[in-house]
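Containing TSV, C-alpha atoms and all ligand atoms: entry37.tsv.
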chain	number	residue	atom	x	y	z
O	331	MET	CA	0.00	0.00	0.00
O	332	SER	CA	1.19	3.51	-0.59
O	333	GLU	CA	0.76	7.22	-0.05
O	334	ALA	CA	-0.46	10.02	-2.28
O	335	LEU	CA	-0.04	13.77	-1.94
O	336	LEU	CA	-3.44	15.43	-2.37
O	337	LEU	CA	-3.48	19.09	-3.43
O	338	VAL	CA	-6.86	20.61	-2.67
O	339	ASP	CA	-8.03	23.54	-4.82
O	340	ILE	CA	-4.73	25.42	-5.17
O	341	GLN	CA	-6.31	27.77	-7.73
O	342	ASN	CA	-5.87	31.44	-8.59
O	343	ASP	CA	-9.29	32.49	-7.26
O	344	PHE	CA	-8.34	31.19	-3.80
O	345	LEU	CA	-5.09	33.15	-3.66
O	346	PRO	CA	-4.92	36.67	-2.15
O	347	GLY	CA	-6.43	39.05	-4.72
O	348	GLY	CA	-8.52	36.26	-6.22
O	349	ALA	CA	-12.31	36.20	-6.37
O	350	LEU	CA	-12.49	34.19	-3.13
O	351	GLY	CA	-9.02	34.92	-1.84
O	352	VAL	CA	-7.86	33.00	1.21
O	353	PRO	CA	-5.64	35.13	3.49
O	354	ASP	CA	-1.99	34.04	3.00
O	355	GLY	CA	-3.27	31.33	0.64
O	356	ASP	CA	-0.24	31.68	-1.64
O	357	ALA	CA	1.92	30.34	1.20
O	358	VAL	CA	0.72	26.80	0.45
O	359	VAL	CA	2.23	26.81	-3.05
O	360	PRO	CA	5.93	26.44	-2.10
O	361	VAL	CA	4.95	23.79	0.44
O	362	ALA	CA	3.08	21.81	-2.23
O	363	ASN	CA	6.01	22.21	-4.65
O	364	ALA	CA	8.52	21.02	-2.06
O	365	LEU	CA	6.47	17.92	-1.24
O	366	MET	CA	5.66	16.78	-4.78
O	367	PRO	CA	9.05	15.21	-5.56
O	368	ILE	CA	8.91	12.94	-2.50
O	369	PHE	CA	5.60	11.29	-3.42
O	370	GLU	CA	5.01	8.76	-6.16
O	371	HIS	CA	1.36	9.81	-6.54
O	372	ARG	CA	0.31	13.45	-6.77
O	373	VAL	CA	-3.39	14.18	-7.18
O	374	ALA	CA	-5.04	17.60	-7.35
O	375	SER	CA	-8.64	18.71	-7.00
O	376	GLN	CA	-9.98	21.68	-8.90
O	377	ASP	CA	-13.14	23.63	-8.07
O	378	TRP	CA	-14.71	23.88	-11.54
O	379	HIS	CA	-18.03	25.70	-11.70
O	380	PRO	CA	-20.30	26.54	-14.64
O	381	PRO	CA	-20.91	30.33	-14.93
O	382	ASP	CA	-24.43	29.97	-13.46
O	383	HIS	CA	-23.43	27.83	-10.49
O	384	GLY	CA	-26.06	27.96	-7.75
O	385	SER	CA	-23.49	28.65	-5.01
O	386	PHE	CA	-22.84	32.09	-6.48
O	387	ALA	CA	-24.60	34.98	-4.71
O	388	THR	CA	-25.18	36.50	-8.15
O	389	GLN	CA	-27.64	33.66	-8.87
O	390	HIS	CA	-29.83	34.68	-5.91
O	391	ARG	CA	-31.88	37.87	-6.15
O	392	GLY	CA	-30.82	40.46	-3.57
O	393	ALA	CA	-28.21	38.20	-1.98
O	394	GLU	CA	-24.75	39.27	-0.93
O	395	PRO	CA	-21.68	37.02	-0.92
O	396	PHE	CA	-21.05	35.13	2.36
O	397	GLN	CA	-24.76	35.15	3.31
O	398	ILE	CA	-26.52	31.89	3.97
O	399	GLY	CA	-28.98	31.04	1.22
O	400	GLU	CA	-30.54	27.95	-0.21
O	401	LEU	CA	-29.62	25.68	-3.08
O	402	ASP	CA	-31.96	22.93	-4.17
O	403	GLY	CA	-33.59	22.84	-0.74
O	404	ARG	CA	-30.43	22.73	1.34
O	405	GLU	CA	-28.61	25.47	3.21
O	406	GLN	CA	-25.80	26.98	1.18
O	407	ILE	CA	-23.21	29.66	1.85
O	408	LEU	CA	-23.46	32.03	-1.09
O	409	TRP	CA	-20.03	32.75	-2.46
O	410	PRO	CA	-18.63	35.38	-4.79
O	411	GLU	CA	-18.38	34.00	-8.33
O	412	HIS	CA	-15.21	31.91	-8.38
O	413	CYS	CA	-13.45	29.15	-10.28
O	414	VAL	CA	-15.62	29.46	-13.38
O	415	GLN	CA	-14.63	26.77	-15.89
O	416	GLN	CA	-12.05	27.90	-18.47
O	417	THR	CA	-11.32	31.21	-16.72
O	418	PRO	CA	-7.90	32.19	-15.32
O	419	GLY	CA	-9.35	32.17	-11.80
O	420	ALA	CA	-10.07	28.47	-12.09
O	421	GLY	CA	-6.53	27.69	-13.17
O	422	PHE	CA	-3.98	26.23	-10.81
O	423	ALA	CA	-1.79	28.80	-9.07
O	424	SER	CA	0.78	29.87	-11.64
O	425	ALA	CA	3.68	29.11	-9.27
O	426	LEU	CA	2.43	25.55	-8.72
O	427	GLU	CA	4.49	22.85	-10.44
O	428	VAL	CA	1.49	21.57	-12.37
O	429	ALA	CA	3.58	19.27	-14.56
O	430	SER	CA	4.16	17.12	-11.49
O	431	ILE	CA	0.43	16.49	-10.93
O	432	ASP	CA	-0.55	13.07	-12.26
O	433	HIS	CA	-4.33	13.18	-11.80
O	434	VAL	CA	-6.89	16.00	-11.55
O	435	VAL	CA	-10.38	15.68	-10.05
O	436	ARG	CA	-12.84	18.41	-11.01
O	437	LYS	CA	-15.77	19.16	-8.75
O	438	GLY	CA	-18.70	21.56	-8.47
O	439	THR	CA	-19.56	21.09	-12.13
O	440	ASP	CA	-23.29	20.60	-11.49
O	441	ALA	CA	-25.00	24.00	-11.13
O	442	ARG	CA	-27.58	22.61	-8.70
O	443	ILE	CA	-25.24	21.27	-6.03
O	444	ASP	CA	-22.01	22.42	-4.46
O	445	SER	CA	-19.12	20.08	-3.87
O	446	TYR	CA	-16.65	21.06	-1.18
O	447	SER	CA	-15.14	17.60	-0.90
O	448	ALA	CA	-12.92	16.16	-3.61
O	449	PHE	CA	-14.73	12.83	-3.07
O	450	TYR	CA	-18.46	13.65	-3.10
O	451	ASP	CA	-20.92	16.46	-3.71
O	452	ASN	CA	-22.35	18.08	-0.55
O	453	ASP	CA	-25.30	15.68	-0.51
O	454	HIS	CA	-23.10	12.62	-0.94
O	455	ARG	CA	-25.13	11.65	-4.01
O	456	LYS	CA	-22.40	11.52	-6.62
O	457	ALA	CA	-18.81	10.39	-6.25
O	458	THR	CA	-16.09	12.18	-8.20
O	459	GLY	CA	-14.19	8.94	-8.82
O	460	LEU	CA	-11.32	9.91	-6.53
O	461	THR	CA	-11.79	6.89	-4.24
O	462	ASP	CA	-11.60	4.52	-7.21
O	463	HIS	CA	-8.55	6.29	-8.62
O	464	LEU	CA	-6.71	5.93	-5.31
O	465	ARG	CA	-7.78	2.35	-4.51
O	466	THR	CA	-6.86	1.12	-7.99
O	467	ARG	CA	-3.33	2.31	-7.30
O	468	GLY	CA	-3.11	0.73	-3.87
O	469	ILE	CA	-3.10	4.09	-2.12
O	470	ASP	CA	-4.28	3.91	1.49
O	471	THR	CA	-2.85	7.11	2.95
O	472	LEU	CA	-3.25	10.74	1.90
O	473	ILE	CA	-1.00	13.67	2.69
O	474	VAL	CA	-3.17	16.75	2.34
O	475	VAL	CA	-2.30	20.36	1.54
O	476	GLY	CA	-4.35	23.15	-0.03
O	477	LEU	CA	-7.22	25.59	0.28
O	478	ALA	CA	-9.40	26.36	2.03
O	479	ALA	CA	-8.62	24.64	5.33
O	480	ASP	CA	-12.07	25.39	6.76
O	481	VAL	CA	-14.06	24.55	3.61
O	482	CYS	CA	-12.80	22.20	0.91
O	483	VAL	CA	-9.81	20.79	2.80
O	484	LYS	CA	-12.03	20.00	5.79
O	485	PHE	CA	-14.76	18.23	3.81
O	486	THR	CA	-12.20	16.37	1.69
O	487	VAL	CA	-10.36	15.12	4.78
O	488	LEU	CA	-13.56	14.06	6.56
O	489	ASP	CA	-14.69	12.11	3.48
O	490	ALA	CA	-11.23	10.56	3.04
O	491	LEU	CA	-11.33	9.28	6.63
O	492	ALA	CA	-14.89	7.97	6.17
O	493	GLU	CA	-13.72	6.17	3.02
O	494	GLY	CA	-11.06	4.44	5.10
O	495	PHE	CA	-7.95	6.37	4.07
O	496	GLY	CA	-5.36	7.44	6.58
O	497	VAL	CA	-4.82	11.21	6.50
O	498	TRP	CA	-1.82	13.36	7.35
O	499	LEU	CA	-2.76	17.02	7.37
O	500	VAL	CA	0.22	19.26	6.62
O	501	ARG	CA	-0.24	22.20	8.99
O	502	ASP	CA	2.00	24.63	7.10
O	503	GLY	CA	0.45	23.58	3.76
O	504	ILE	CA	-3.10	24.74	4.48
O	505	ARG	CA	-4.77	28.13	5.03
O	506	GLY	CA	-8.40	28.96	5.82
O	507	VAL	CA	-10.99	31.58	4.85
O	508	ASP	CA	-11.85	32.24	8.54
O	509	MET	CA	-15.22	33.82	7.73
O	510	ALA	CA	-15.61	33.73	11.51
O	511	THR	CA	-12.45	34.04	13.61
O	512	GLY	CA	-11.25	30.63	14.69
O	513	ASP	CA	-12.92	28.64	11.88
O	514	THR	CA	-9.60	27.26	10.70
O	515	ASP	CA	-8.45	26.12	14.15
O	516	ALA	CA	-11.89	24.59	14.79
O	517	SER	CA	-11.71	22.78	11.46
O	518	ILE	CA	-8.28	21.36	12.28
O	519	ASP	CA	-9.65	20.13	15.63
O	520	GLU	CA	-12.60	18.53	13.86
O	521	MET	CA	-10.36	16.77	11.34
O	522	GLN	CA	-8.08	15.51	14.13
O	523	LYS	CA	-11.04	14.24	16.17
O	524	ALA	CA	-12.21	12.36	13.08
O	525	GLY	CA	-8.80	10.68	12.84
O	526	ALA	CA	-6.51	12.94	10.83
O	527	GLU	CA	-2.91	13.25	12.03
O	528	LEU	CA	-1.22	16.64	12.02
O	529	CYS	CA	2.32	17.01	10.65
O	530	THR	CA	4.55	19.58	9.00
O	531	SER	CA	6.21	19.61	5.60
O	532	GLY	CA	9.58	19.80	7.40
O	533	VAL	CA	9.01	16.48	9.10
O	534	LEU	CA	7.90	14.85	5.82
O	535	LEU	CA	10.93	16.22	3.96
O	536	ALA	CA	13.30	15.07	6.70
O	537	ARG	CA	11.80	11.57	6.55
O	538	ALA	CA	12.16	11.33	2.76
T	601	LIG	C1	-14.07	26.42	-1.75
T	601	LIG	C2	-15.77	27.85	-1.18
T	601	LIG	C3	-16.42	27.56	-2.36
T	601	LIG	C4	-12.76	25.79	-1.40
T	601	LIG	C5	-14.71	26.12	-2.94
T	601	LIG	O1	-12.05	25.30	-2.28
T	601	LIG	O2	-12.43	25.79	-0.19
T	601	LIG	N1	-14.61	27.27	-0.89
T	601	LIG	N2	-15.89	26.70	-3.24
T	602	ZN	ZN	-16.64	26.61	-5.19

Can the structure from this file be put into structure tokens for me?
Amino acid sequence: MSEALLLVDIQNDFLPGGALGVPDGDAVVPVANALMPIFEHRVASQDWHPPDHGSFATQHRGAEPFQIGELDGREQILWPEHCVQQTPGAGFASALEVASIDHVVRKGTDARIDSYSAFYDNDHRKATGLTDHLRTRGIDTLIVVGLAADVCVKFTVLDALAEGFGVWLVRDGIRGVDMATGDTDASIDEMQKAGAELCTSGVLLARA
């Protein structure tokens, strides 16, 4: 059995200055780049929305970004338009060594449902195929970096654990939106309680 590095949503729109910029989000890029050479498998997820995606506040009359709204009968945080398919904002961070990525999972492609996790949509109705991709290759452990720690990283890690993967969360390789102060720390706690182990890129590099 083996390990894979999982890069969650390291995309331009999630970097400072992007449509849904994560504070200090660009700091995860050098960490991801440093870790890629020490893993045999390097998988990336990409938030990949159609222009009329229902998570966008612009699709809801009178709504402002970051309000709670509704999408297909379930509660939904309404986001600024971000990661629209084929736009520069949806592209991987330009400083990311994309040539080293061997598999990309796109999510959030259905306008009627959001998909924070790289494994399933938010209703757990449709799988992205990531589990199959990993199991086929004998991967049982994921090393996770990316954005945002308190949104897509959190839901990806919780699903990974529920699917039976071991998870190492790289503390210096994640950053959160922190819509409310403390969201990121609370998310890390939640992931650890669910079974994720916390580590640093330094420890992983020293071990390699
Ligand atoms: C994300 C909000 C909306 C993320 C994606 O990648 O964390 N956050 N869509
Ligand atoms: Zn999104």

Return as a ChimeraX atom specification the residues of protein, DNA or RNA that approach ligand ZN 602 (chain T) to within 10 Å, with all atoms listed in the file taken into account.
/O:339,343-344,350,376-379,383-386,408-414,420,437-439,444-446,481-482

Write out as a PyMOL selection string which residues come within 12 Å of His433 of chain O when counting all atoms listed in the file, dropping same-chain ones fewer than 5 positions away.
chain O and resi 334-337+370-376+428+459-460+463-464+467

From the list O:Val338, O:Ala362, O:Ala538, O:Ala387, which residue is nearest ligand LIG 601 (chain T) when using only C-alpha atoms and all ligand atoms?
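Once distances to ligand LIG 601 (chain T) are computed over only C-alpha atoms and all ligand atoms, the minimum belongs to O:Val338.
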
With distances taken over only C-alpha atoms and all ligand atoms, which of O:Ala457, O:Val483, O:Val497, O:Leu426 is nearest to ligand LIG 601 (chain T)?
O:Val483

Residue neighbourhood Leu535 of chain O, 12 Å, only C-alpha atoms, exclusion window fewer than 3 positions, as a list in words
Val361, Ala362, Asn363, Ala364, Leu365, Met366, Pro367, Ile368, Phe369, Val500, Cys529, Thr530, Ser531, Gly532 and Ala538 of chain O
